[in-house]
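Asks: You'll find work_29.csv just under this line, and it carries CSV, C-alpha atoms and all ligand atoms.
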```csv
chain,number,residue,atom,x,y,z
A,1,ALA,CA,30.9,149.1,165.1
A,2,THR,CA,28.9,151.9,166.7
A,3,PRO,CA,25.7,151.1,168.7
A,4,THR,CA,23.7,152.8,165.9
A,5,ALA,CA,25.3,150.6,163.2
A,6,LEU,CA,24.5,147.5,165.3
A,7,LEU,CA,20.8,148.6,165.7
A,8,VAL,CA,20.6,149.2,162.0
A,9,GLY,CA,22.0,145.8,161.4
A,10,THR,CA,19.5,144.1,163.6
A,11,GLY,CA,16.7,146.0,161.9
A,12,ARG,CA,17.9,145.0,158.5
A,13,GLY,CA,18.0,141.4,159.8
A,14,ALA,CA,14.4,141.6,160.8
A,15,GLN,CA,13.5,142.6,157.3
A,16,LEU,CA,15.3,139.6,156.0
A,17,GLY,CA,13.6,137.2,158.4
A,18,ILE,CA,16.6,137.0,160.6
A,19,LEU,CA,15.7,137.8,164.2
A,20,ILE,CA,18.7,138.7,166.3
A,21,LYS,CA,18.3,138.7,170.1
A,22,GLY,CA,20.5,141.7,170.7
A,23,PRO,CA,23.0,143.9,169.0
A,24,GLU,CA,25.9,142.2,170.9
A,25,VAL,CA,25.1,139.0,169.0
A,26,LEU,CA,26.5,140.6,165.8
A,27,GLU,CA,29.9,141.0,167.5
A,28,SER,CA,30.0,137.3,168.4
A,29,THR,CA,29.7,136.3,164.8
A,30,ARG,CA,33.0,138.0,163.9
A,31,THR,CA,35.4,135.0,164.5
A,32,VAL,CA,33.1,132.1,163.7
A,33,ASP,CA,34.9,129.6,161.4
A,34,THR,CA,32.8,126.4,161.7
A,35,VAL,CA,29.1,125.9,161.3
A,36,VAL,CA,27.6,122.7,162.8
A,37,LEU,CA,24.3,121.7,161.2
A,38,ASP,CA,21.7,119.4,162.7
A,39,LYS,CA,20.3,117.1,160.0
A,40,THR,CA,16.6,116.4,160.6
A,41,GLY,CA,14.5,119.5,160.3
A,42,THR,CA,17.6,121.7,159.5
A,43,VAL,CA,19.3,120.3,156.4
A,44,THR,CA,16.3,118.2,155.6
A,45,THR,CA,12.6,119.1,155.8
A,46,GLY,CA,12.0,116.8,158.7
A,47,ARG,CA,8.7,115.9,157.1
A,48,MET,CA,9.2,112.2,157.0
A,49,ALA,CA,7.1,109.7,155.2
A,50,LEU,CA,6.7,106.0,155.7
A,51,VAL,CA,8.0,104.3,152.6
A,52,ASP,CA,8.2,100.6,153.5
A,53,VAL,CA,7.1,98.1,156.2
A,54,VAL,CA,9.1,94.9,156.4
A,55,ALA,CA,7.6,92.1,158.5
A,56,LEU,CA,10.0,89.4,159.7
A,57,VAL,CA,7.5,86.6,159.0
A,58,ASP,CA,7.2,87.6,155.4
A,59,VAL,CA,10.9,87.9,154.8
A,60,VAL,CA,11.5,84.5,156.4
A,61,ALA,CA,8.8,83.1,154.2
A,62,GLY,CA,10.6,84.5,151.2
A,63,GLY,CA,8.0,87.3,150.7
A,64,GLY,CA,10.5,90.2,150.5
A,65,GLY,CA,9.7,93.8,151.0
A,66,GLY,CA,7.0,95.7,149.2
A,67,ALA,CA,5.1,98.9,149.6
A,68,ALA,CA,3.2,99.7,152.8
A,69,GLY,CA,-0.4,99.0,152.4
A,70,SER,CA,-0.2,96.4,149.7
A,71,ALA,CA,-2.9,93.7,149.9
A,72,GLY,CA,-2.5,89.9,150.1
A,73,PRO,CA,-1.5,87.6,152.9
A,74,GLU,CA,1.6,89.6,153.6
A,75,GLY,CA,-0.6,92.6,154.3
A,76,ALA,CA,-1.7,91.1,157.6
A,77,ALA,CA,1.7,91.0,159.3
A,78,ARG,CA,2.5,94.4,158.0
A,79,ALA,CA,-0.8,95.9,159.2
A,80,GLY,CA,-0.1,94.3,162.7
A,81,ILE,CA,3.3,95.9,162.9
A,82,LEU,CA,2.0,99.3,161.7
A,83,ARG,CA,-0.9,99.2,164.2
A,84,LEU,CA,1.1,98.6,167.3
A,85,ALA,CA,4.0,100.8,166.3
A,86,GLY,CA,1.6,103.6,165.1
A,87,ALA,CA,-0.3,103.5,168.4
A,88,LEU,CA,3.0,104.0,170.3
A,89,GLU,CA,4.4,106.6,168.0
A,90,HIS,CA,1.1,108.5,168.2
A,91,ALA,CA,2.3,109.7,171.6
A,92,SER,CA,5.7,110.9,170.4
A,93,GLU,CA,6.4,114.3,168.7
A,94,HIS,CA,9.4,113.0,166.8
A,95,PRO,CA,9.1,113.5,163.0
A,96,ILE,CA,9.8,109.8,162.5
A,97,ALA,CA,7.0,109.0,165.0
A,98,GLN,CA,4.5,111.3,163.3
A,99,ALA,CA,5.2,109.7,159.9
A,100,ILE,CA,4.6,106.2,161.4
A,101,ALA,CA,1.4,107.3,163.3
A,102,ARG,CA,0.0,109.0,160.2
A,103,ALA,CA,0.5,106.0,158.0
A,104,ALA,CA,-0.9,103.7,160.7
A,105,VAL,CA,-4.1,105.7,160.9
A,106,ALA,CA,-4.4,105.8,157.2
A,107,GLU,CA,-4.0,102.1,156.8
A,108,THR,CA,-5.5,100.5,159.9
A,109,GLY,CA,-8.0,103.1,161.1
A,110,GLU,CA,-8.3,104.1,164.7
A,111,LEU,CA,-5.3,103.2,166.9
A,112,PRO,CA,-5.4,101.4,170.2
A,113,GLY,CA,-4.5,103.3,173.4
A,114,VAL,CA,-1.1,103.1,175.1
A,115,GLU,CA,-0.1,102.6,178.7
A,116,SER,CA,3.3,103.2,180.3
A,117,PHE,CA,4.5,105.3,177.4
A,118,GLN,CA,8.2,106.2,177.5
A,119,SER,CA,10.2,108.3,175.2
A,120,ILE,CA,14.0,107.5,175.1
A,121,PRO,CA,15.5,110.6,173.4
A,122,GLY,CA,17.7,109.7,170.4
A,123,LYS,CA,16.7,106.1,170.6
A,124,GLY,CA,12.9,105.6,170.3
A,125,VAL,CA,9.8,104.8,172.3
A,126,SER,CA,8.4,102.1,174.5
A,127,GLY,CA,5.0,101.3,176.0
A,128,VAL,CA,2.2,98.8,176.4
A,129,VAL,CA,-0.3,98.4,173.5
A,130,ASP,CA,-3.1,95.8,173.5
A,131,GLY,CA,-1.4,94.2,176.5
A,132,ARG,CA,1.9,93.8,174.6
A,133,ALA,CA,5.2,95.5,175.6
A,134,VAL,CA,6.2,97.3,172.4
A,135,LEU,CA,9.4,99.0,171.4
A,136,VAL,CA,10.0,101.1,168.4
A,137,GLY,CA,13.4,102.6,167.7
A,138,ARG,CA,17.0,102.2,166.7
A,139,GLU,CA,19.1,99.1,167.3
A,140,GLU,CA,20.7,100.5,170.4
A,141,LEU,CA,17.2,100.6,172.0
A,142,LEU,CA,16.8,96.9,171.4
A,143,ASP,CA,20.3,96.3,172.8
A,144,ASP,CA,19.1,98.0,176.0
A,145,TRP,CA,16.4,95.4,176.3
A,146,ALA,CA,18.8,92.6,175.3
A,147,LEU,CA,16.9,91.8,172.1
A,148,THR,CA,18.8,90.7,169.0
A,149,LEU,CA,18.1,91.6,165.5
A,150,PRO,CA,17.3,88.7,163.2
A,151,ILE,CA,19.7,88.5,160.2
A,152,GLU,CA,16.9,89.0,157.7
A,153,LEU,CA,15.9,92.3,159.3
A,154,ALA,CA,19.5,93.3,159.6
A,155,ASP,CA,19.9,92.9,155.9
A,156,ALA,CA,16.7,94.9,155.1
A,157,LYS,CA,17.9,97.6,157.5
A,158,THR,CA,21.3,97.8,155.8
A,159,ALA,CA,19.7,98.0,152.4
A,160,ALA,CA,17.4,100.8,153.5
A,161,GLU,CA,20.2,102.8,155.1
A,162,ALA,CA,22.5,102.4,152.1
A,163,SER,CA,19.8,104.3,150.1
A,164,GLY,CA,19.8,107.1,152.7
A,165,ARG,CA,16.7,106.2,154.5
A,166,THR,CA,16.1,105.7,158.2
A,167,ALA,CA,15.0,102.3,159.4
A,168,VAL,CA,13.5,101.8,162.8
A,169,LEU,CA,12.8,98.5,164.4
A,170,VAL,CA,9.6,97.2,165.9
A,171,ALA,CA,9.6,94.6,168.7
A,172,TRP,CA,7.1,93.2,171.1
A,173,ASP,CA,6.9,90.6,173.8
A,174,GLY,CA,10.7,89.9,173.5
A,175,GLU,CA,10.9,89.5,169.7
A,176,VAL,CA,12.0,91.8,167.0
A,177,ARG,CA,9.1,91.7,164.5
A,178,GLY,CA,9.7,94.1,161.7
A,179,LEU,CA,11.2,97.2,160.3
A,180,LEU,CA,9.6,100.5,159.3
A,181,VAL,CA,11.5,102.6,156.7
A,182,VAL,CA,11.0,106.3,156.7
A,183,ALA,CA,12.4,108.8,154.2
A,184,ASP,CA,13.2,112.5,154.8
A,185,GLN,CA,14.0,115.0,152.1
A,186,VAL,CA,16.8,117.4,151.8
A,187,LYS,CA,15.4,121.0,151.6
A,188,PRO,CA,15.8,122.2,148.0
A,189,THR,CA,17.9,125.2,149.2
A,190,SER,CA,20.3,123.3,151.5
A,191,ARG,CA,23.0,122.6,148.9
A,192,ALA,CA,23.1,126.2,147.9
A,193,ALA,CA,23.3,127.2,151.5
A,194,ILE,CA,26.3,125.0,152.1
A,195,THR,CA,28.1,126.5,149.1
A,196,GLN,CA,27.4,130.0,150.5
A,197,LEU,CA,28.6,129.1,154.0
A,198,ARG,CA,31.9,127.7,152.5
A,199,ALA,CA,32.3,130.9,150.4
A,200,LEU,CA,32.1,132.8,153.7
A,201,GLY,CA,35.1,130.7,154.9
A,202,LEU,CA,33.0,128.5,157.2
A,203,ALA,CA,33.7,124.8,157.5
A,204,PRO,CA,30.3,122.9,157.6
A,205,VAL,CA,29.9,119.9,159.9
A,206,LEU,CA,26.8,117.6,159.9
A,207,LEU,CA,25.8,116.6,163.4
A,208,THR,CA,23.0,114.0,163.9
A,209,GLY,CA,21.6,111.3,166.1
A,210,ASP,CA,20.8,109.3,163.0
A,211,ASN,CA,23.1,106.5,161.8
A,212,ALA,CA,26.3,107.0,159.9
A,213,ALA,CA,25.1,105.6,156.5
A,214,VAL,CA,22.1,107.9,156.4
A,215,ALA,CA,24.2,110.9,157.6
A,216,ARG,CA,26.8,110.2,154.9
A,217,THR,CA,24.2,110.1,152.1
A,218,ILE,CA,22.6,113.4,153.2
A,219,ALA,CA,26.0,115.0,153.6
A,220,ASP,CA,27.1,114.0,150.1
A,221,GLU,CA,23.8,115.3,148.7
A,222,VAL,CA,24.5,118.8,150.1
A,223,GLY,CA,28.2,118.9,149.8
A,224,ILE,CA,29.3,118.4,153.4
A,225,THR,CA,32.5,116.4,154.1
A,226,GLN,CA,32.7,116.4,157.9
A,227,VAL,CA,30.1,114.2,159.5
A,228,THR,CA,29.5,113.3,163.2
A,229,ALA,CA,26.7,110.7,163.4
A,230,GLU,CA,25.0,108.6,166.0
A,231,VAL,CA,25.3,111.3,168.6
A,232,LEU,CA,22.8,111.0,171.5
A,233,PRO,CA,20.9,114.3,172.3
A,234,GLN,CA,22.9,114.8,175.5
A,235,ASP,CA,26.2,114.3,173.6
A,236,LYS,CA,25.5,117.1,171.1
A,237,VAL,CA,26.9,119.6,173.6
A,238,ALA,CA,30.1,117.5,174.0
A,239,ALA,CA,30.5,117.5,170.2
A,240,ILE,CA,30.3,121.3,170.1
A,241,LYS,CA,32.8,121.5,173.1
A,242,ALA,CA,35.2,119.1,171.3
A,243,LEU,CA,35.3,121.5,168.3
A,244,GLN,CA,35.8,124.5,170.5
A,245,SER,CA,38.6,122.8,172.3
A,246,GLU,CA,40.3,122.4,168.9
A,247,GLY,CA,40.3,126.2,168.8
A,248,ARG,CA,37.3,126.4,166.5
A,249,VAL,CA,34.7,129.2,166.9
A,250,VAL,CA,31.4,127.4,166.3
A,251,ALA,CA,28.1,128.5,165.0
A,252,MET,CA,25.4,125.8,165.2
A,253,VAL,CA,22.1,125.6,163.3
A,254,GLY,CA,19.4,123.4,164.7
A,255,ASP,CA,15.6,123.0,165.3
A,256,GLY,CA,14.9,120.4,167.8
A,257,VAL,CA,14.4,120.1,171.6
A,258,ASN,CA,17.5,117.8,171.4
A,259,ASP,CA,19.5,120.6,169.8
A,260,ALA,CA,18.8,123.3,172.5
A,261,ALA,CA,21.7,122.6,174.8
A,262,ALA,CA,24.2,122.5,171.9
A,263,LEU,CA,22.7,125.7,170.5
A,264,ALA,CA,23.4,127.4,173.8
A,265,GLN,CA,26.9,125.9,174.0
A,266,ALA,CA,27.8,127.2,170.5
A,267,ASP,CA,29.5,130.5,170.2
A,268,LEU,CA,26.6,131.5,168.0
A,269,GLY,CA,23.3,129.6,168.0
A,270,LEU,CA,20.9,129.8,165.1
A,271,ALA,CA,17.4,128.3,165.3
A,272,MET,CA,15.1,127.4,162.5
A,273,GLY,CA,11.9,129.5,163.0
A,274,THR,CA,10.0,126.4,161.9
A,275,GLY,CA,11.5,124.4,164.8
A,276,THR,CA,10.8,124.0,168.5
A,277,ASP,CA,10.4,126.8,171.1
A,278,ALA,CA,13.3,125.2,173.1
A,279,ALA,CA,15.7,125.6,170.1
A,280,ILE,CA,14.5,129.2,169.5
A,281,GLU,CA,14.9,130.2,173.2
A,282,ALA,CA,18.4,128.7,173.4
A,283,SER,CA,19.6,130.5,170.2
A,284,ASP,CA,21.0,134.0,169.5
A,285,ILE,CA,19.4,134.2,166.1
A,286,THR,CA,16.1,132.8,164.6
A,287,LEU,CA,15.9,132.1,160.9
A,288,VAL,CA,12.2,132.7,160.5
A,289,GLY,CA,11.5,130.9,157.2
A,290,GLY,CA,13.6,127.8,158.1
A,291,ASP,CA,15.7,128.3,154.9
A,292,LEU,CA,19.3,127.3,155.6
A,293,ARG,CA,20.5,130.1,153.2
A,294,SER,CA,19.4,132.5,155.9
A,295,ALA,CA,22.3,131.3,158.0
A,296,ALA,CA,24.7,132.5,155.4
A,297,ASP,CA,22.6,135.8,155.1
A,298,ALA,CA,23.0,136.2,158.8
A,299,ILE,CA,26.8,135.9,158.8
A,300,ARG,CA,27.0,138.2,155.8
A,301,LEU,CA,24.8,140.8,157.4
A,302,SER,CA,26.9,140.7,160.6
A,303,ARG,CA,30.1,141.1,158.7
A,304,SER,CA,28.8,144.0,156.7
A,305,THR,CA,27.3,145.6,159.9
A,306,LEU,CA,30.7,145.2,161.7
A,307,GLY,CA,32.4,146.8,158.6
A,308,THR,CA,34.4,143.6,158.0
A,309,ILE,CA,33.1,143.6,154.4
A,310,LYS,CA,31.1,146.1,152.4
A,401,LIG,P1,18.4,114.0,164.7
A,401,LIG,O1,19.7,114.3,165.5
A,401,LIG,O2,18.7,113.7,163.3
A,401,LIG,O3,17.4,115.1,164.8
A,401,LIG,P2,17.4,112.2,166.9
A,401,LIG,O4,18.6,112.4,167.9
A,401,LIG,O5,16.1,112.9,167.3
A,401,LIG,O6,17.8,112.6,165.4
A,401,LIG,O7,17.1,110.7,166.8
A,401,LIG,C1,18.2,109.8,166.5
A,401,LIG,C2,17.6,108.4,166.0
A,401,LIG,O8,16.9,107.8,167.1
A,401,LIG,C3,16.6,108.5,164.9
A,401,LIG,O9,17.2,108.5,163.6
A,401,LIG,C4,15.8,107.2,165.1
A,401,LIG,O10,16.5,106.1,164.6
A,401,LIG,C5,15.8,107.0,166.6
A,401,LIG,N1,14.5,107.6,167.2
A,401,LIG,C6,14.4,108.8,168.0
A,401,LIG,N2,13.2,109.0,168.3
A,401,LIG,C7,12.4,108.0,167.8
A,401,LIG,C8,11.0,107.6,167.8
A,401,LIG,N3,10.1,108.4,168.4
A,401,LIG,N4,10.6,106.5,167.1
A,401,LIG,C9,11.6,105.8,166.4
A,401,LIG,N5,12.9,106.0,166.4
A,401,LIG,C10,13.3,107.1,167.0
A,402,MG,MG,16.6,118.1,164.2
```
Here is the file; what I need is its structure written in the form of structure tokens.

Replies:
Amino acid sequence: ATPTALLVGTGRGAQLGILIKGPEVLESTRTVDTVVLDKTGTVTTGRMALVDVVALVDVVAGGGGGAAGSAGPEGAARAGILRLAGALEHASEHPIAQAIARAAVAETGELPGVESFQSIPGKGVSGVVDGRAVLVGREELLDDWALTLPIELADAKTAAEASGRTAVLVAWDGEVRGLLVVADQVKPTSRAAITQLRALGLAPVLLTGDNAAVARTIADEVGITQVTAEVLPQDKVAAIKALQSEGRVVAMVGDGVNDAAALAQADLGLAMGTGTDAAIEASDITLVGGDLRSAADAIRLSRSTLGTIK
């Protein structure tokens, strides 16, 4: 395509809410055949909500689950878990953390302060709250601290994940005490976007740090067959490289700080405009409105600009 055509293409993109870093980006879309999609914040809204709190003492006593905030004697153990976990998560920017902190403030009021806060990307958080050494995160985080998951909580976790929810564990002073269940929602336009990407000849792949059961549920909901789950943030780059070494030309769509390196590694990086600055800076294209259908629009626009299709 002529320089003029490329400029017209980028201008047309801007009108559609597709910000293209430079005219040369359009050329790089020509041979893309695979589109890797981050889950949280890209395929899903990333606006998580706390839907359940399971306290080990209640489950062992035969109490069962129940909604967060319910009254009665079981409420006390749950409130304790929510208070300590909420205090810790208040210091984290992760969507799961924000859902937990928000619910904790709403249910227990002002949260205690945190000392020695640490974020372990892709795993969770740790810190000292009210003199207790608290951990909130996935099972691998507990493994790192040589803590074992009681069978009752393992069962509750499996049940939550089977329904497509994300379960994070709460431990303090060497014991796993409970489970917080958060739910995210697929964006209403994600399924249509996947259909459009397929129609353009692109193979969609879901890439996430979340567990395989949750990833599978979300993938099924939007019509993705290929799923790579439980990928640590630093391993997302390797996942892109692995596809490239199979000879695939890879576009990646992401939103998080943890996606930035993978977006840069991809042949074409597309950031959700609703996402982090790190993702936007690492990408070739920004999808201003955060609608996944814009990824298909971007590919279509490039192709028409390049004269591949009319
Ligand atoms: P994604 O790739 O879907 O955006 P991440 O790589 O950020 O997800 O996180 C992977 C998993 O690590 C989460 O599903 C969660 O189980 C755990 N995790 C990460 N950060 C936190 C946190 N602040 N609190 C609790 N769990 C966390
Ligand atoms: Mg994300």

Asks: Measuring between all atoms listed in the file, which one of A:Arg78, A:Asp235, A:Val288, A:Ala264 shows the shortest distance to A:Glu107?

Replies: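 Looking at the shortest contact to A:Glu107, the residue is A:Arg78.
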
Asks: Which residues of chain A come within 10 Å of ligand MG 402 (chain A), and what is each one's closest atom pair and distance in Å (one decimal), counting all atoms listed in the file, sorted by chain and residue number, as a Markdown table?

Replies:
```
| residue | atom | partner | partner_atom | distance |
| --- | --- | --- | --- | --- |
| A:Leu37 | CA | A:MG402 | MG | 9.0 |
| A:Asp38 | CA | A:MG402 | MG | 5.5 |
| A:Lys39 | CA | A:MG402 | MG | 5.7 |
| A:Thr40 | CA | A:MG402 | MG | 4.0 |
| A:Gly41 | CA | A:MG402 | MG | 4.6 |
| A:Thr42 | CA | A:MG402 | MG | 6.0 |
| A:Val43 | CA | A:MG402 | MG | 8.5 |
| A:Thr44 | CA | A:MG402 | MG | 8.6 |
| A:Thr45 | CA | A:MG402 | MG | 9.4 |
| A:Gly46 | CA | A:MG402 | MG | 7.3 |
| A:His94 | CA | A:MG402 | MG | 9.2 |
| A:Pro95 | CA | A:MG402 | MG | 8.9 |
| A:Leu207 | CA | A:MG402 | MG | 9.4 |
| A:Thr208 | CA | A:MG402 | MG | 7.6 |
| A:Gly209 | CA | A:MG402 | MG | 8.7 |
| A:Asp210 | CA | A:MG402 | MG | 9.8 |
| A:Pro233 | CA | A:MG402 | MG | 9.9 |
| A:Val253 | CA | A:MG402 | MG | 9.3 |
| A:Gly254 | CA | A:MG402 | MG | 6.0 |
| A:Asp255 | CA | A:MG402 | MG | 5.1 |
| A:Gly256 | CA | A:MG402 | MG | 4.6 |
| A:Val257 | CA | A:MG402 | MG | 8.0 |
| A:Asn258 | CA | A:MG402 | MG | 7.3 |
| A:Asp259 | CA | A:MG402 | MG | 6.8 |
| A:Met272 | CA | A:MG402 | MG | 9.6 |
| A:Gly275 | CA | A:MG402 | MG | 8.1 |
| A:Thr276 | CA | A:MG402 | MG | 9.3 |
| A:Ala279 | CA | A:MG402 | MG | 9.6 |
```

Asks: Please identify all polymer residues within 8 Å of stretch 18-29 of chain A, counting all atoms listed in the file, omitting same-chain residues fewer than 5 positions from it, and present them as a list in words.

Replies: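 Here the answer would be Pro3, Leu6, Leu7, Gly9, Thr10, Gly13, Ala251, Asp267, Leu268, Asp284, Ile285, Thr286, Leu287, Val288, Ser294, Ala298, Ile299, Ser302, Arg303, Thr305 and Leu306 of chain A.
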
Asks: Counting all atoms listed in the file, which residue out of A:Val59, A:Val125, A:Ala5, A:Met48 sits closest to A:Asp155?

Replies: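 The shortest atom-to-atom distance to A:Asp155 comes from A:Val59.
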
Asks: Closest to ligand LIG 401 (chain A) among A:Thr158, A:Gln234, A:Thr108, A:Thr225, using only C-alpha atoms and all ligand atoms?

Replies: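 That would be A:Gln234, the residue with the smallest distance to ligand LIG 401 (chain A).
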
Asks: With distances taken over all atoms listed in the file, which of A:Gly137, A:Gly17, A:Gly307, A:Gly174 is nearest to A:Ser119?

Replies: A:Gly137

Asks: Using all atoms listed in the file, which residue out of A:Ala162, A:Val168, A:Ala278, A:Leu56 lies closest to A:Thr217?

Replies: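 Going through A:Ala162, A:Val168, A:Ala278, A:Leu56 one by one, the smallest distance to A:Thr217 is for A:Ala162.
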
Asks: So, with all atoms listed in the file as the atoms that count, which of A:Glu139, A:Thr228, A:Leu111, A:Asp291 lies closest to A:Ala192?

Replies: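 Checking each candidate against A:Ala192, we get A:Asp291 as the closest.
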
Asks: For atom CA of A:Val53 and atom O3 of ligand LIG 401 (chain A), quote the distance in Å rounded to one decimal.

Replies: 21.7 Å

Asks: Leaving out A:Ala91 and any residue of its chain fewer than 6 positions from it, which residues lie within 10 Å of it when counting all atoms listed in the file, given as a list in words?

Replies: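 Those residues are Ala97, Gln98, Ala101, Gly113, Val114, Phe117, Gln118, Ser119, Val125 and Gly127 of chain A.
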
Asks: If I take atom CA of A:Gln196 and atom CA of A:Ala296, how far is one from the other in Å, to one decimal?

Replies: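 We find that atom CA of A:Gln196 and atom CA of A:Ala296 lie 6.1 Å from each other.
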